[in-house]
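Trainee: Take a look at this one; I'll ask things after.
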Amino acid sequence: EAYLAERSLSFTQVYDDGRLAQAFGVEQIPYLVIVDKRGEIRYLHLGQVSERTLVGEIDGLLLEE
């Protein structure tokens with residue numbers, strides 16, 4: 001929580017006790033899931049992903065109606 005506060009990160013963070021990772025079949029970290037406003041998984045990244053890629057994906061989702 002302190003890390004998020006120091007960096008003013010406002011997006012939702014999920015802390016898992018292992019059950020969520022098991023449900024999603026997480027085998028590698030980092031494991032990033034981007035969900036649209038309808039609650040559908042739109043992007044899934046295993047391992048590192050560039051900021052440029054994330055910005056493009058998120059900006060595209062924000063433009064959708």
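All residue names refer to the structure tokens as shown: chains lettered A, B, ... in order, residues numbered from 1 in each chain, ligands numbered from 1 in order.
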From range 9-50 of chain A, collect each residue whose DSSP state is alpha helix (DSSP H) and return the set as a VMD selection string.

Mentor: chain A and resid 19 to 24

Trainee: Write out the residues from the selection above, keeping N, CA and C atoms, as a compact mmCIF listing (two decimals), in the first residue's frame.

Mentor:
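The result, written out as part.txt:
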# COMPACT_ATOMS: atom_id res chain seq x y z
N ARG A 19 -5.39 -18.28 -4.22
CA ARG A 19 -6.60 -18.81 -4.84
C ARG A 19 -6.92 -18.16 -6.19
N LEU A 20 -6.71 -16.86 -6.27
CA LEU A 20 -6.98 -16.16 -7.53
C LEU A 20 -6.00 -16.61 -8.61
N ALA A 21 -4.74 -16.72 -8.27
CA ALA A 21 -3.73 -17.19 -9.22
C ALA A 21 -4.08 -18.58 -9.73
N GLN A 22 -4.52 -19.43 -8.83
CA GLN A 22 -4.90 -20.78 -9.23
C GLN A 22 -6.11 -20.75 -10.17
N ALA A 23 -7.09 -19.91 -9.87
CA ALA A 23 -8.29 -19.81 -10.70
C ALA A 23 -7.97 -19.32 -12.11
N PHE A 24 -6.99 -18.41 -12.23
CA PHE A 24 -6.62 -17.87 -13.53
C PHE A 24 -5.52 -18.67 -14.20

Trainee: When you look at Glu64 in chain A with a cut-off of 12 Å (counting only C-alpha atoms), what residues show up, excluding the ones that are within fewer than 5 positions of it in the same chain? I need them as a PDB file with C-alpha atoms, in the first residue's frame.

Mentor:
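Written out: around.pdb:
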ATOM      1  CA  ASP A  36     -12.815  -3.769 -20.045  1.00  0.00           C
ATOM      2  CA  LYS A  37     -15.763  -1.853 -18.594  1.00  0.00           C
ATOM      3  CA  ARG A  38     -18.043  -4.846 -19.234  1.00  0.00           C
ATOM      4  CA  GLU A  57      -4.247  -1.004 -25.103  1.00  0.00           C
ATOM      5  CA  ILE A  58      -5.725   1.103 -22.323  1.00  0.00           C
ATOM      6  CA  ASP A  59      -6.218   4.172 -24.516  1.00  0.00           C
TER       7      ASP A  59
END

Trainee: Near range 40-55 of chain A, counting only C-alpha atoms, which residues have an atom at most 9 Å away, once you skip same-chain residues fewer than 6 positions from it, shown as a PyMOL selection string?

Mentor: chain A and resi 26-34+61

Trainee: Save the residues we just selected, C-alpha atoms, as an mmCIF file, in the first residue's frame?

Mentor:
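Saved as result.cif:
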data_model
loop_
_atom_site.group_PDB
_atom_site.id
_atom_site.type_symbol
_atom_site.label_atom_id
_atom_site.label_comp_id
_atom_site.auth_asym_id
_atom_site.auth_seq_id
_atom_site.Cartn_x
_atom_site.Cartn_y
_atom_site.Cartn_z
ATOM 1 C CA VAL A 26 -1.075 -18.088 -13.303
ATOM 2 C CA GLU A 27 2.244 -19.772 -13.981
ATOM 3 C CA GLN A 28 4.464 -16.732 -14.431
ATOM 4 C CA ILE A 29 4.881 -13.372 -12.714
ATOM 5 C CA PRO A 30 4.277 -10.656 -13.624
ATOM 6 C CA TYR A 31 0.841 -11.643 -14.895
ATOM 7 C CA LEU A 32 -1.207 -8.660 -16.019
ATOM 8 C CA VAL A 33 -4.874 -8.820 -16.942
ATOM 9 C CA ILE A 34 -6.647 -5.814 -18.442
ATOM 10 C CA LEU A 61 -10.343 0.626 -24.385
#

Trainee: Separation of CA of Val35 in chain A and CA of Ser8 in chain A, in Å?

Mentor: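 Here the two named atoms are 20.8 Å from each other.
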
Trainee: What does the distance from CA of Phe11 in chain A to CA of Glu65 in chain A come to in Å, to one decimal?

Mentor: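 Separation between CA of Phe11 in chain A and CA of Glu65 in chain A: 20.1 Å.
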
Trainee: Pull the strand (DSSP E or B) assignments for range 22-64 of chain A out of DSSP run on the backbone, and list those residues as a PyMOL selection string.

Mentor: chain A and resi 31-35+41-46

Trainee: Please, what distance in Å, to one decimal, runs between CA of Tyr3 in chain A and CA of Tyr15 in chain A?

Mentor: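 Computing it gives 13.4 Å between the two atoms.
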